[in-house]
file data.txt (compact mmCIF, C-alpha atoms and all ligand atoms)
# COMPACT_ATOMS: atom_id res chain seq x y z
CA VAL A 584 -24.14 -15.08 14.07
CA PRO A 585 -23.44 -13.64 10.61
CA ALA A 586 -21.75 -16.25 8.43
CA TRP A 587 -20.27 -16.57 4.96
CA TRP A 588 -19.69 -19.81 3.07
CA ALA A 589 -17.56 -20.43 0.00
CA PRO A 590 -16.73 -23.58 -1.99
CA TYR A 591 -13.01 -22.79 -1.61
CA ALA A 592 -10.97 -20.66 0.77
CA TRP A 593 -7.26 -20.00 1.20
CA LEU A 594 -6.37 -20.69 4.81
CA GLY A 595 -2.60 -20.65 4.16
CA GLY A 596 -0.29 -23.01 2.30
CA ALA A 597 -0.27 -24.22 -1.29
CA SER A 598 -3.80 -25.69 -1.35
CA ASN A 599 -7.20 -24.13 -0.84
CA ALA A 600 -9.59 -25.68 1.68
CA SER A 601 -13.06 -26.62 0.42
CA ASP A 602 -16.56 -25.89 1.69
CA VAL A 603 -15.47 -23.28 4.20
CA LEU A 604 -17.79 -21.51 6.65
CA VAL A 605 -16.59 -18.25 8.25
CA GLU A 606 -18.59 -17.07 11.26
CA VAL A 607 -18.26 -13.49 12.48
CA LYS A 608 -18.95 -11.87 15.82
CA GLY A 609 -18.83 -8.06 15.86
CA ASP A 610 -15.93 -7.06 13.61
CA ARG A 611 -13.89 -10.23 14.17
CA ILE A 612 -13.85 -13.78 12.89
CA ALA A 613 -15.37 -16.16 15.47
CA ALA A 614 -14.83 -19.48 13.68
CA VAL A 615 -13.51 -20.92 10.43
CA THR A 616 -14.66 -24.44 9.53
CA ALA A 617 -13.72 -26.41 6.42
CA GLY A 618 -15.73 -29.36 5.07
CA VAL A 619 -19.15 -27.80 5.71
CA HIS A 620 -21.01 -29.38 2.78
CA HIS A 621 -24.37 -27.87 3.66
CA PRO A 622 -24.07 -24.23 4.82
CA PRO A 623 -26.50 -23.32 7.60
CA ALA A 624 -29.63 -21.35 6.76
CA GLY A 625 -28.87 -17.64 6.72
CA ALA A 626 -25.21 -18.02 5.72
CA ILE A 627 -24.26 -15.84 2.76
CA ARG A 628 -23.09 -18.13 -0.07
CA LEU A 629 -20.12 -16.80 -1.99
CA GLY A 630 -18.75 -18.24 -5.22
CA GLY A 631 -15.15 -18.97 -6.12
CA VAL A 632 -12.32 -18.68 -3.62
CA MET A 633 -12.42 -16.73 -0.38
CA VAL A 634 -9.15 -15.04 0.57
CA PRO A 635 -8.25 -12.65 3.41
CA GLY A 636 -8.68 -8.94 2.65
CA LEU A 637 -5.70 -7.60 0.72
CA ALA A 638 -3.37 -4.99 2.23
CA ASN A 639 -2.04 -2.15 0.09
CA THR A 640 0.98 -1.13 2.13
CA HIS A 641 2.18 1.77 0.00
CA SER A 642 -0.12 4.33 -1.58
CA HIS A 643 0.03 7.95 -2.66
CA ALA A 644 -3.67 8.53 -3.34
CA PHE A 645 -3.25 11.67 -5.44
CA HIS A 646 -0.96 9.95 -7.94
CA ARG A 647 -4.13 8.29 -9.27
CA ALA A 648 -4.72 11.50 -11.24
CA LEU A 649 -1.67 10.70 -13.41
CA ARG A 650 -2.81 7.35 -14.77
CA GLY A 651 -2.67 7.23 -18.55
CA ARG A 652 -1.36 10.80 -18.73
CA THR A 653 2.41 10.40 -18.46
CA HIS A 654 3.30 8.05 -21.28
CA GLU A 655 3.87 10.43 -24.18
CA GLN A 656 7.36 11.52 -23.18
CA ALA A 657 10.60 9.68 -22.64
CA GLY A 658 12.47 10.36 -19.42
CA SER A 659 12.73 8.80 -16.02
CA PHE A 660 11.38 8.86 -12.51
CA TRP A 661 12.68 12.41 -12.25
CA SER A 662 10.73 13.78 -15.25
CA TRP A 663 7.61 11.90 -14.10
CA ARG A 664 8.04 13.55 -10.71
CA GLY A 665 7.63 16.99 -12.31
CA LEU A 666 4.15 16.01 -13.57
CA MET A 667 3.29 14.56 -10.17
CA TYR A 668 4.25 17.88 -8.53
CA ASP A 669 1.84 19.72 -10.85
CA VAL A 670 -1.02 17.68 -9.40
CA ALA A 671 0.23 18.12 -5.83
CA ASP A 672 0.25 21.86 -6.33
CA ARG A 673 -3.45 21.96 -7.24
CA LEU A 674 -4.92 20.00 -4.34
CA ASP A 675 -6.64 21.40 -1.26
CA PRO A 676 -8.42 19.51 1.53
CA GLU A 677 -11.78 19.47 -0.30
CA SER A 678 -10.47 18.33 -3.67
CA TYR A 679 -8.17 15.82 -1.98
CA LEU A 680 -11.12 14.30 -0.11
CA ARG A 681 -13.00 13.83 -3.40
CA LEU A 682 -10.00 12.35 -5.23
CA ALA A 683 -8.94 10.07 -2.36
CA ARG A 684 -12.50 8.81 -1.79
CA ALA A 685 -12.59 7.71 -5.44
CA ALA A 686 -9.03 6.29 -5.38
CA TYR A 687 -9.80 4.31 -2.21
CA GLY A 688 -13.08 3.22 -3.79
CA GLU A 689 -11.08 1.67 -6.62
CA MET A 690 -8.89 -0.13 -4.07
CA VAL A 691 -11.90 -1.55 -2.25
CA VAL A 692 -13.49 -3.00 -5.38
CA ALA A 693 -10.07 -4.53 -6.14
CA GLY A 694 -10.22 -6.42 -2.81
CA PHE A 695 -8.01 -4.21 -0.65
CA THR A 696 -9.43 -3.84 2.85
CA ALA A 697 -6.55 -1.75 4.25
CA VAL A 698 -4.28 0.90 2.79
CA GLY A 699 -1.08 2.49 4.06
CA GLU A 700 -1.16 6.06 2.82
CA PHE A 701 2.36 7.47 2.64
CA HIS A 702 1.25 11.03 3.12
CA TYR A 703 3.49 14.04 2.55
CA LEU A 704 1.23 16.73 1.03
CA HIS A 705 0.69 18.44 4.37
CA HIS A 706 0.44 22.20 3.94
CA GLY A 707 -1.14 24.87 1.77
CA ARG A 708 0.43 26.84 -1.08
CA ALA A 709 4.05 27.93 -0.45
CA GLY A 710 4.06 25.77 2.67
CA VAL A 711 1.63 27.90 4.67
CA PRO A 712 -0.10 25.59 7.18
CA TYR A 713 -3.87 25.23 7.08
CA GLU A 714 -5.83 26.40 10.12
CA ASP A 715 -5.95 22.72 11.06
CA PRO A 716 -2.31 21.80 10.34
CA ASN A 717 -3.49 18.22 9.68
CA ALA A 718 -6.32 19.25 7.32
CA MET A 719 -4.91 17.12 4.48
CA GLY A 720 -4.38 14.06 6.71
CA HIS A 721 -7.87 14.42 8.13
CA ALA A 722 -9.25 14.64 4.55
CA LEU A 723 -7.56 11.29 3.79
CA ALA A 724 -9.00 9.74 6.96
CA GLU A 725 -12.49 10.93 6.00
CA ALA A 726 -12.01 9.61 2.44
CA ALA A 727 -11.06 6.18 3.78
CA ARG A 728 -14.06 6.10 6.10
CA GLN A 729 -16.41 7.01 3.26
CA ALA A 730 -14.86 4.36 1.01
CA GLY A 731 -15.03 1.69 3.72
CA ILE A 732 -11.30 0.86 3.78
CA ARG A 733 -9.02 0.66 6.83
CA LEU A 734 -6.38 3.38 6.70
CA THR A 735 -2.94 3.53 8.25
CA LEU A 736 -2.00 7.17 7.76
CA LEU A 737 1.78 7.05 7.41
CA ASP A 738 2.55 10.71 7.99
CA ALA A 739 5.82 11.46 6.25
CA CYS A 740 8.56 13.77 7.41
CA TYR A 741 9.88 15.62 4.33
CA LEU A 742 12.30 18.43 5.05
CA ARG A 743 14.55 19.10 2.07
CA GLY A 744 14.67 18.84 -1.71
CA GLY A 745 17.75 16.64 -1.88
CA LEU A 746 21.01 15.84 -0.15
CA GLY A 747 22.03 19.39 0.75
CA ALA A 748 19.24 21.11 -1.24
CA PRO A 749 16.34 23.13 0.20
CA LEU A 750 12.67 22.51 -0.59
CA GLU A 751 11.46 24.44 -3.60
CA GLY A 752 8.24 25.03 -5.55
CA PRO A 753 5.48 22.52 -4.74
CA GLN A 754 7.83 20.73 -2.30
CA LEU A 755 7.30 23.61 0.12
CA ARG A 756 3.89 22.06 0.84
CA PHE A 757 5.59 18.91 2.18
CA GLY A 758 7.85 20.51 4.78
CA ASP A 759 7.49 21.03 8.52
CA GLY A 760 10.88 22.75 8.94
CA ASN A 761 12.40 20.14 11.22
CA ALA A 762 11.54 16.76 12.71
CA THR A 763 10.51 18.21 16.08
CA ALA A 764 7.90 20.38 14.35
CA TRP A 765 6.82 17.29 12.35
CA ALA A 766 6.34 15.38 15.62
CA ASP A 767 4.34 18.24 17.16
CA ARG A 768 2.00 18.24 14.17
CA VAL A 769 1.46 14.48 13.91
CA GLY A 770 1.04 14.28 17.68
CA SER A 771 -2.17 16.29 17.25
CA LEU A 772 -3.66 14.01 14.57
CA SER A 773 -7.08 12.74 15.63
CA PRO A 774 -7.80 10.06 13.09
CA GLY A 775 -11.01 8.49 14.46
CA ALA A 776 -12.48 5.02 13.96
CA GLY A 777 -11.04 2.69 11.33
CA VAL A 778 -7.85 4.73 11.04
CA ARG A 779 -4.42 4.21 12.61
CA VAL A 780 -1.50 6.58 12.48
CA GLY A 781 2.04 5.64 11.56
CA ALA A 782 5.19 7.51 10.66
CA ALA A 783 7.28 7.76 7.54
CA ILE A 784 10.69 9.08 6.60
CA HIS A 785 10.23 10.18 3.02
CA SER A 786 13.76 9.17 1.92
CA VAL A 787 17.44 9.89 2.52
CA ARG A 788 17.01 12.74 0.06
CA ALA A 789 14.29 14.42 2.09
CA VAL A 790 15.42 13.82 5.68
CA GLY A 791 18.93 14.07 7.15
CA PRO A 792 20.31 11.59 9.70
CA ASP A 793 19.65 13.75 12.79
CA ASP A 794 16.02 14.44 11.87
CA MET A 795 15.61 10.76 10.94
CA ALA A 796 16.60 9.80 14.46
CA VAL A 797 13.93 12.14 15.89
CA VAL A 798 11.24 10.58 13.67
CA ALA A 799 12.37 7.04 14.55
CA LYS A 800 12.34 7.77 18.27
CA PHE A 801 8.90 9.38 18.09
CA ALA A 802 7.46 6.47 16.07
CA GLY A 803 9.00 3.91 18.43
CA GLY A 804 7.70 5.74 21.50
CA SER A 805 4.21 5.85 19.97
CA GLY A 806 4.23 2.17 18.96
CA TRP A 807 3.67 3.20 15.34
CA PRO A 808 4.81 1.47 12.18
CA LEU A 809 7.61 3.36 10.42
CA HIS A 810 7.94 3.28 6.62
CA ALA A 811 10.51 4.81 4.27
CA HIS A 812 11.35 4.89 0.58
CA VAL A 813 14.72 3.13 0.40
CA SER A 814 17.00 2.77 -2.65
CA GLU A 815 14.18 3.09 -5.20
CA GLN A 816 16.38 4.95 -7.63
CA ARG A 817 19.96 4.07 -8.58
CA ARG A 818 20.84 7.77 -8.59
CA GLU A 819 19.54 8.21 -5.05
CA HIS A 820 21.39 5.12 -3.84
CA ASP A 821 24.67 6.22 -5.46
CA GLU A 822 24.40 9.87 -4.29
CA CYS A 823 23.82 8.69 -0.74
CA LEU A 824 26.93 6.49 -0.92
CA ALA A 825 28.97 9.37 -2.35
CA VAL A 826 27.78 12.04 0.11
CA LEU A 827 27.23 10.07 3.32
CA GLY A 828 29.54 7.12 2.69
CA ALA A 829 26.77 4.63 3.41
CA THR A 830 23.78 3.08 1.65
CA PRO A 831 20.33 4.56 2.38
CA LEU A 832 19.44 1.58 4.58
CA GLU A 833 22.71 1.90 6.50
CA VAL A 834 21.99 5.59 7.09
CA MET A 835 18.51 4.77 8.39
CA ASP A 836 19.83 1.96 10.55
CA SER A 837 22.39 4.32 12.11
CA ALA A 838 19.46 6.60 12.99
CA ASP A 839 17.78 3.65 14.78
CA ALA A 840 14.93 3.60 12.25
CA VAL A 841 15.33 -0.03 11.17
CA GLY A 842 13.55 -2.53 13.42
CA PRO A 843 10.64 -4.99 13.44
CA ASP A 844 8.09 -2.20 12.78
CA PHE A 845 10.08 -0.81 9.85
CA THR A 846 9.07 -1.22 6.21
CA ALA A 847 11.60 -0.47 3.49
CA VAL A 848 9.59 0.54 0.43
CA HIS A 849 11.07 -0.57 -2.95
CA ALA A 850 14.62 -1.71 -1.96
CA THR A 851 15.27 -1.86 -5.71
CA HIS A 852 19.00 -1.19 -5.51
CA PHE A 853 19.71 -2.93 -2.21
CA THR A 854 23.15 -4.43 -1.72
CA ALA A 855 23.49 -7.92 -0.27
CA GLY A 856 24.53 -6.20 2.95
CA ASP A 857 21.29 -4.16 2.98
CA THR A 858 19.25 -7.34 2.54
CA ASN A 859 20.96 -9.02 5.49
CA ARG A 860 20.68 -5.90 7.62
CA LEU A 861 16.91 -5.61 7.04
CA ALA A 862 16.48 -9.33 7.73
CA ALA A 863 18.49 -9.13 10.96
CA ALA A 864 16.29 -6.25 12.14
CA GLY A 865 13.11 -8.26 11.45
CA GLY A 866 11.73 -5.59 9.10
CA PHE A 867 9.43 -5.68 6.08
CA CYS A 868 10.04 -4.85 2.44
CA CYS A 869 7.20 -3.41 0.38
CA ALA A 870 7.47 -4.30 -3.30
CA CYS A 871 5.62 -2.03 -5.72
CA PRO A 872 6.38 -3.86 -8.97
CA THR A 873 3.81 -2.19 -11.22
CA THR A 874 5.09 1.25 -10.23
CA GLU A 875 8.73 0.18 -10.38
CA ARG A 876 7.98 -1.06 -13.90
CA ASP A 877 6.09 2.08 -14.86
CA LEU A 878 8.90 4.37 -13.67
CA GLY A 879 11.76 2.26 -14.99
CA ASP A 880 13.23 1.87 -11.48
CA GLY A 881 14.65 -1.62 -11.89
CA ILE A 882 13.86 -5.03 -10.36
CA GLY A 883 14.31 -5.41 -6.61
CA PRO A 884 16.06 -8.46 -5.08
CA PHE A 885 12.78 -9.77 -3.67
CA ALA A 886 13.73 -13.44 -3.85
CA ALA A 887 16.93 -12.78 -1.91
CA LEU A 888 15.01 -10.68 0.61
CA GLN A 889 12.49 -13.45 1.19
CA ASP A 890 15.26 -16.07 1.43
CA ALA A 891 16.97 -13.94 4.07
CA GLY A 892 13.74 -13.88 6.11
CA VAL A 893 12.39 -10.42 5.27
CA ARG A 894 8.59 -10.34 5.13
CA LEU A 895 7.49 -9.03 1.72
CA THR A 896 4.39 -6.86 1.24
CA VAL A 897 2.89 -5.14 -1.82
CA GLY A 898 1.84 -1.58 -2.61
CA SER A 899 0.12 0.18 -5.51
CA ASP A 900 2.30 3.26 -4.86
CA SER A 901 1.77 5.54 -7.90
CA GLN A 902 -1.59 3.88 -8.75
CA ALA A 903 -0.42 3.12 -12.29
CA VAL A 904 -2.20 -0.17 -11.54
CA VAL A 905 -4.49 -0.98 -8.61
CA ASP A 906 -4.58 -4.77 -8.54
CA GLY A 907 -3.25 -6.76 -5.58
CA PHE A 908 -3.03 -10.01 -7.56
CA GLU A 909 -1.03 -8.38 -10.35
CA GLU A 910 1.25 -6.76 -7.76
CA ALA A 911 1.82 -10.08 -5.96
CA ARG A 912 2.53 -12.17 -9.06
CA ALA A 913 4.75 -9.42 -10.47
CA ILE A 914 7.19 -10.06 -7.61
CA GLU A 915 7.70 -13.53 -9.05
CA LEU A 916 7.33 -12.69 -12.74
CA ASP A 917 9.83 -9.80 -12.71
CA ASN A 918 12.29 -11.98 -10.81
CA ARG A 919 11.82 -14.69 -13.47
CA LEU A 920 12.90 -12.19 -16.12
CA ALA A 921 15.94 -11.23 -14.09
CA ALA A 922 16.91 -14.79 -13.12
CA GLU A 923 15.84 -16.51 -16.39
CA GLN A 924 14.17 -19.14 -14.24
CA ARG A 925 10.61 -20.02 -13.12
CA GLY A 926 9.19 -20.94 -9.73
CA ILE A 927 11.32 -18.71 -7.50
CA LEU A 928 8.64 -17.62 -4.99
CA PRO A 929 5.69 -19.99 -4.48
CA GLY A 930 2.13 -18.73 -5.00
CA ALA A 931 1.29 -19.08 -1.32
CA SER A 932 4.12 -16.75 -0.29
CA LEU A 933 2.95 -14.19 -2.85
CA LEU A 934 -0.57 -14.33 -1.38
CA GLU A 935 0.93 -14.03 2.09
CA ALA A 936 2.71 -10.84 1.00
CA ALA A 937 -0.57 -9.37 -0.24
CA THR A 938 -2.48 -10.29 2.94
CA ARG A 939 -0.86 -11.39 6.21
CA HIS A 940 2.48 -9.58 5.97
CA GLY A 941 0.90 -6.43 4.55
CA MET A 942 -1.60 -6.18 7.39
CA ALA A 943 1.21 -6.67 9.92
CA ALA A 944 3.29 -3.93 8.29
CA LEU A 945 0.31 -1.56 8.66
CA GLY A 946 -0.42 -2.55 12.26
CA TRP A 947 -3.73 -4.32 11.61
CA ASP A 948 -4.72 -7.56 13.32
CA ALA A 949 -5.91 -9.09 10.04
CA GLY A 950 -4.69 -10.86 6.91
CA ARG A 951 -5.63 -14.47 7.67
CA LEU A 952 -8.90 -16.38 7.82
CA ALA A 953 -8.54 -17.37 11.46
CA PRO A 954 -10.58 -16.94 14.65
CA GLY A 955 -9.91 -13.75 16.58
CA LEU A 956 -8.66 -11.72 13.61
CA LEU A 957 -10.53 -8.81 12.05
CA ALA A 958 -13.25 -10.07 9.71
CA ASP A 959 -11.78 -8.79 6.44
CA PHE A 960 -12.22 -11.13 3.49
CA VAL A 961 -12.82 -11.18 -0.23
CA SER A 962 -14.34 -13.62 -2.69
CA VAL A 963 -12.69 -14.07 -6.08
CA ARG A 964 -14.75 -15.45 -8.96
CA LEU A 965 -13.53 -18.52 -10.78
CA ASP A 966 -16.14 -18.34 -13.54
CA THR A 967 -14.97 -15.27 -15.45
CA VAL A 968 -13.20 -15.33 -18.80
CA ARG A 969 -9.91 -14.84 -16.98
CA THR A 970 -10.29 -17.41 -14.22
CA ALA A 971 -12.54 -20.12 -15.72
CA GLY A 972 -10.76 -23.46 -15.85
CA ALA A 973 -8.12 -22.61 -13.25
CA ASP A 974 -7.75 -25.33 -10.60
CA PRO A 975 -9.68 -24.00 -7.58
CA ARG A 976 -7.73 -26.26 -5.21
CA LEU A 977 -4.48 -24.35 -5.80
CA ALA A 978 -3.60 -21.11 -4.03
CA SER A 979 -1.51 -20.20 -7.07
CA ALA A 980 -4.64 -20.26 -9.26
CA VAL A 981 -5.83 -17.06 -7.60
CA VAL A 982 -2.43 -15.33 -7.69
CA PHE A 983 -1.62 -16.18 -11.29
CA ALA A 984 -5.07 -16.14 -12.95
CA ALA A 985 -7.19 -13.56 -11.15
CA SER A 986 -7.26 -9.80 -11.54
CA ALA A 987 -8.90 -7.03 -9.55
CA ALA A 988 -11.90 -7.30 -11.91
CA ASP A 989 -12.59 -10.84 -10.62
CA VAL A 990 -13.29 -9.66 -7.05
CA ASP A 991 -16.96 -10.22 -6.29
CA THR A 992 -17.54 -9.57 -2.59
CA VAL A 993 -15.50 -7.58 -0.07
CA VAL A 994 -16.18 -7.66 3.67
CA VAL A 995 -14.40 -5.24 6.03
CA GLY A 996 -14.82 -5.83 9.75
CA GLY A 997 -17.90 -7.99 9.12
CA ARG A 998 -19.56 -5.33 6.93
CA THR A 999 -20.15 -5.98 3.23
CA VAL A 1000 -18.67 -3.09 1.23
CA VAL A 1001 -18.62 -4.70 -2.22
CA GLU A 1002 -21.32 -7.00 -3.56
CA GLY A 1003 -21.33 -8.48 -7.05
CA GLY A 1004 -18.29 -6.36 -7.88
CA ARG A 1005 -20.16 -3.13 -7.03
CA HIS A 1006 -19.13 -0.78 -4.26
CA VAL A 1007 -22.00 -0.45 -1.79
CA LEU A 1008 -20.82 2.88 -0.30
CA VAL A 1009 -19.41 4.56 -3.44
CA PRO A 1010 -21.86 3.47 -6.12
CA ASP A 1011 -20.05 5.12 -9.05
CA VAL A 1012 -16.30 4.81 -8.44
CA ALA A 1013 -15.43 5.40 -12.11
CA GLY A 1014 -17.64 8.48 -12.29
CA GLU A 1015 -16.07 9.92 -9.14
CA LEU A 1016 -12.56 9.25 -10.44
CA ALA A 1017 -13.36 10.99 -13.72
CA ALA A 1018 -14.98 13.97 -12.00
CA SER A 1019 -12.33 14.48 -9.32
CA ILE A 1020 -9.42 14.10 -11.77
CA GLY A 1021 -11.14 16.13 -14.48
CA ALA A 1022 -11.52 19.02 -12.02
CA LEU A 1023 -7.77 18.99 -11.34
CA LEU A 1024 -6.47 18.30 -14.85
CA PRO A 1025 -9.04 19.64 -17.30
ZN ZN B 1101 6.11 5.94 -2.86
call {"tool": "encode", "arguments": {"input": "data.txt", "output": "structure tokens"}}
result
Amino acid sequence: VPAWWAPYAWLGGASNASDVLVEVKGDRIAAVTAGVHHPPAGAIRLGGVMVPGLANTHSHAFHRALRGRTHEQAGSFWSWRGLMYDVADRLDPESYLRLARAAYGEMVVAGFTAVGEFHYLHHGRAGVPYEDPNAMGHALAEAARQAGIRLTLLDACYLRGGLGAPLEGPQLRFGDGNATAWADRVGSLSPGAGVRVGAAIHSVRAVGPDDMAVVAKFAGGSGWPLHAHVSEQRREHDECLAVLGATPLEVMDSADAVGPDFTAVHATHFTAGDTNRLAAAGGFCCACPTTERDLGDGIGPFAALQDAGVRLTVGSDSQAVVDGFEEARAIELDNRLAAEQRGILPGASLLEAATRHGMAALGWDAGRLAPGLLADFVSVRLDTVRTAGADPRLASAVVFAASAADVDTVVVGGRTVVEGGRHVLVPDVAGELAASIGALLP
């Protein structure tokens, strides 16, 4: 039986267990035993703290091309979006495979073992479908397989340019015409091993209430997770109130989209009523604090959401930063700035957002070191310049001291994909990022 041993492991709660042996059978965890002072012969000895594989519940892989290239101008989300559309306009299935393989490679070395790709770049130039109408989705699935990461392909319905505005320019590539045509296309997705399919409503801007209801019904009937951007931007939230007389979450709830498989991404400008509504439905909220920071979105009411019983998750979204620990602690740190108070969300609940809740929001049976779950786990070094001296017995030591660069080993489904901080399947992630982005944005 393949086995891994680490001096510390987070099994849930505020404290780390010590001397933990994880035994694996096939792609699942067979046993987890603490207090094993002498690991059996053949067990792989890890250093530092073992944590469950991290879940990145909100990603747009191609946004990785924009990192470090959008900071010279003032502006807002809306001016940034123009630059993002320039990249979208240049991609085809081959170049998207190369870029996504590298972007997912970066996620894997950061300790993410699953990603929810919120995918809306469906069609060719001017919206003309490819011969395989899912060519772009299949390119993402292949990229994830090559990079060794689990993928939940959240295929997004995106039908219009704004409340009452048609698609234009690069947006034409996102559109299927109507939600029935969207359902016909996603119904023919054949994702293959290691990949699940889910649905997404891009936003209240991009999908009207009637089409939303079609997407929600199709996702529910398929047993798929359903994700949506909700109230990320104040302007979007206010326009929705003015035009439809309801908040974005209320509009989605009226379309029967909001339930226990629903993830509201961002929720930055949620009202107290929205928070209670999402909690009552048993849904998730995906915080993307590094992106929300980068775009000047605002600070979401994550403490109130958690208090109300909403399960929080984290996403790297625009890929401004790909670091699950930074994303998790940012939930707390940004709320400290807003509340002028420390210690709002405990470290263990931040780790839970990055692991257990994220995996659940993506439909994966993973996110905890426990028998029967998928064997996804990560070891985090405690002997680097960043982490040395942190108390290894505290779960919060990992969340508040570690960064993506401190990830040493990553195991996905019992297979080692990162060893000594190096990707086994994509040996030169940085080189592939530079080459794939350089080809798009010379
Ligand atoms: Zn997004």
call {"tool": "residues_near_ligand", "arguments": {"input": "data.txt", "ligand": "ligand ZN 1101 (chain B)", "cutoff": "12 Å", "atoms": "only C-alpha atoms and all ligand atoms", "output": "MDAnalysis selection string"}}
result
chainID A and resid 639:646 660 664 667 699:703 737 739 783:786 810:816 846:850 869:875 878 880 897:903
call {"tool": "closest_residue", "arguments": {"input": "data.txt", "among": "A:Leu945, A:Val692, A:Ala657, A:Ala648", "to": "Asp877 in chain A", "atoms": "all atoms listed in the file"}}
result
A:Ala657
call {"tool": "atom_distance", "arguments": {"input": "data.txt", "atom1": "CA of Ala944 in chain A", "atom2": "CA of Phe845 in chain A"}}
result
7.6 Å
call {"tool": "residues_around", "arguments": {"input": "data.txt", "residues": "Ser771 in chain A", "least_positions_apart": "6", "cutoff": "12 Å", "atoms": "all atoms listed in the file", "output": "VMD selection string"}}
result
chain A and resid 715 to 718 720 to 721 738 764 to 765 780
call {"tool": "residues_around", "arguments": {"input": "data.txt", "residues": "Val698 in chain A", "least_positions_apart": "6", "cutoff": "12 Å", "atoms": "all atoms listed in the file", "output": "PDB file with C-alpha atoms, keeping the file's coordinate frame"}}
result
ATOM      1  CA  GLY A 636      -8.680  -8.940   2.650  1.00  0.00           C
ATOM      2  CA  LEU A 637      -5.700  -7.600   0.720  1.00  0.00           C
ATOM      3  CA  ALA A 638      -3.370  -4.990   2.230  1.00  0.00           C
ATOM      4  CA  ASN A 639      -2.040  -2.150   0.090  1.00  0.00           C
ATOM      5  CA  THR A 640       0.980  -1.130   2.130  1.00  0.00           C
ATOM      6  CA  HIS A 641       2.180   1.770   0.000  1.00  0.00           C
ATOM      7  CA  SER A 642      -0.120   4.330  -1.580  1.00  0.00           C
ATOM      8  CA  HIS A 643       0.030   7.950  -2.660  1.00  0.00           C
ATOM      9  CA  ALA A 644      -3.670   8.530  -3.340  1.00  0.00           C
ATOM     10  CA  ALA A 683      -8.940  10.070  -2.360  1.00  0.00           C
ATOM     11  CA  ALA A 686      -9.030   6.290  -5.380  1.00  0.00           C
ATOM     12  CA  TYR A 687      -9.800   4.310  -2.210  1.00  0.00           C
ATOM     13  CA  GLY A 688     -13.080   3.220  -3.790  1.00  0.00           C
ATOM     14  CA  GLU A 689     -11.080   1.670  -6.620  1.00  0.00           C
ATOM     15  CA  MET A 690      -8.890  -0.130  -4.070  1.00  0.00           C
ATOM     16  CA  VAL A 691     -11.900  -1.550  -2.250  1.00  0.00           C
ATOM     17  CA  LEU A 723      -7.560  11.290   3.790  1.00  0.00           C
ATOM     18  CA  ALA A 724      -9.000   9.740   6.960  1.00  0.00           C
ATOM     19  CA  ALA A 726     -12.010   9.610   2.440  1.00  0.00           C
ATOM     20  CA  ALA A 727     -11.060   6.180   3.780  1.00  0.00           C
ATOM     21  CA  ARG A 728     -14.060   6.100   6.100  1.00  0.00           C
ATOM     22  CA  ALA A 730     -14.860   4.360   1.010  1.00  0.00           C
ATOM     23  CA  GLY A 731     -15.030   1.690   3.720  1.00  0.00           C
ATOM     24  CA  ILE A 732     -11.300   0.860   3.780  1.00  0.00           C
ATOM     25  CA  ARG A 733      -9.020   0.660   6.830  1.00  0.00           C
ATOM     26  CA  LEU A 734      -6.380   3.380   6.700  1.00  0.00           C
ATOM     27  CA  THR A 735      -2.940   3.530   8.250  1.00  0.00           C
ATOM     28  CA  LEU A 736      -2.000   7.170   7.760  1.00  0.00           C
ATOM     29  CA  LEU A 737       1.780   7.050   7.410  1.00  0.00           C
ATOM     30  CA  GLY A 777     -11.040   2.690  11.330  1.00  0.00           C
ATOM     31  CA  VAL A 778      -7.850   4.730  11.040  1.00  0.00           C
ATOM     32  CA  ARG A 779      -4.420   4.210  12.610  1.00  0.00           C
ATOM     33  CA  VAL A 780      -1.500   6.580  12.480  1.00  0.00           C
ATOM     34  CA  GLY A 781       2.040   5.640  11.560  1.00  0.00           C
ATOM     35  CA  THR A 896       4.390  -6.860   1.240  1.00  0.00           C
ATOM     36  CA  VAL A 897       2.890  -5.140  -1.820  1.00  0.00           C
ATOM     37  CA  GLY A 898       1.840  -1.580  -2.610  1.00  0.00           C
ATOM     38  CA  SER A 899       0.120   0.180  -5.510  1.00  0.00           C
ATOM     39  CA  ASP A 900       2.300   3.260  -4.860  1.00  0.00           C
ATOM     40  CA  VAL A 905      -4.490  -0.980  -8.610  1.00  0.00           C
ATOM     41  CA  GLY A 907      -3.250  -6.760  -5.580  1.00  0.00           C
ATOM     42  CA  ALA A 937      -0.570  -9.370  -0.240  1.00  0.00           C
ATOM     43  CA  THR A 938      -2.480 -10.290   2.940  1.00  0.00           C
ATOM     44  CA  GLY A 941       0.900  -6.430   4.550  1.00  0.00           C
ATOM     45  CA  MET A 942      -1.600  -6.180   7.390  1.00  0.00           C
ATOM     46  CA  ALA A 943       1.210  -6.670   9.920  1.00  0.00           C
ATOM     47  CA  ALA A 944       3.290  -3.930   8.290  1.00  0.00           C
ATOM     48  CA  LEU A 945       0.310  -1.560   8.660  1.00  0.00           C
ATOM     49  CA  GLY A 946      -0.420  -2.550  12.260  1.00  0.00           C
ATOM     50  CA  TRP A 947      -3.730  -4.320  11.610  1.00  0.00           C
TER      51      TRP A 947
END
call {"tool": "atom_distance", "arguments": {"input": "data.txt", "atom1": "CA of Leu666 in chain A", "atom2": "CA of Gly881 in chain A"}}
result
20.6 Å
call {"tool": "residues_around", "arguments": {"input": "data.txt", "residues": "Phe867 in chain A", "least_positions_apart": "3", "cutoff": "6 Å", "atoms": "only C-alpha atoms", "output": "VMD selection string"}}
result
chain A and resid 846 893 to 895
call {"tool": "atom_distance", "arguments": {"input": "data.txt", "atom1": "CA of Asp906 in chain A", "atom2": "CA of Ala987 in chain A"}}
result
5.0 Å
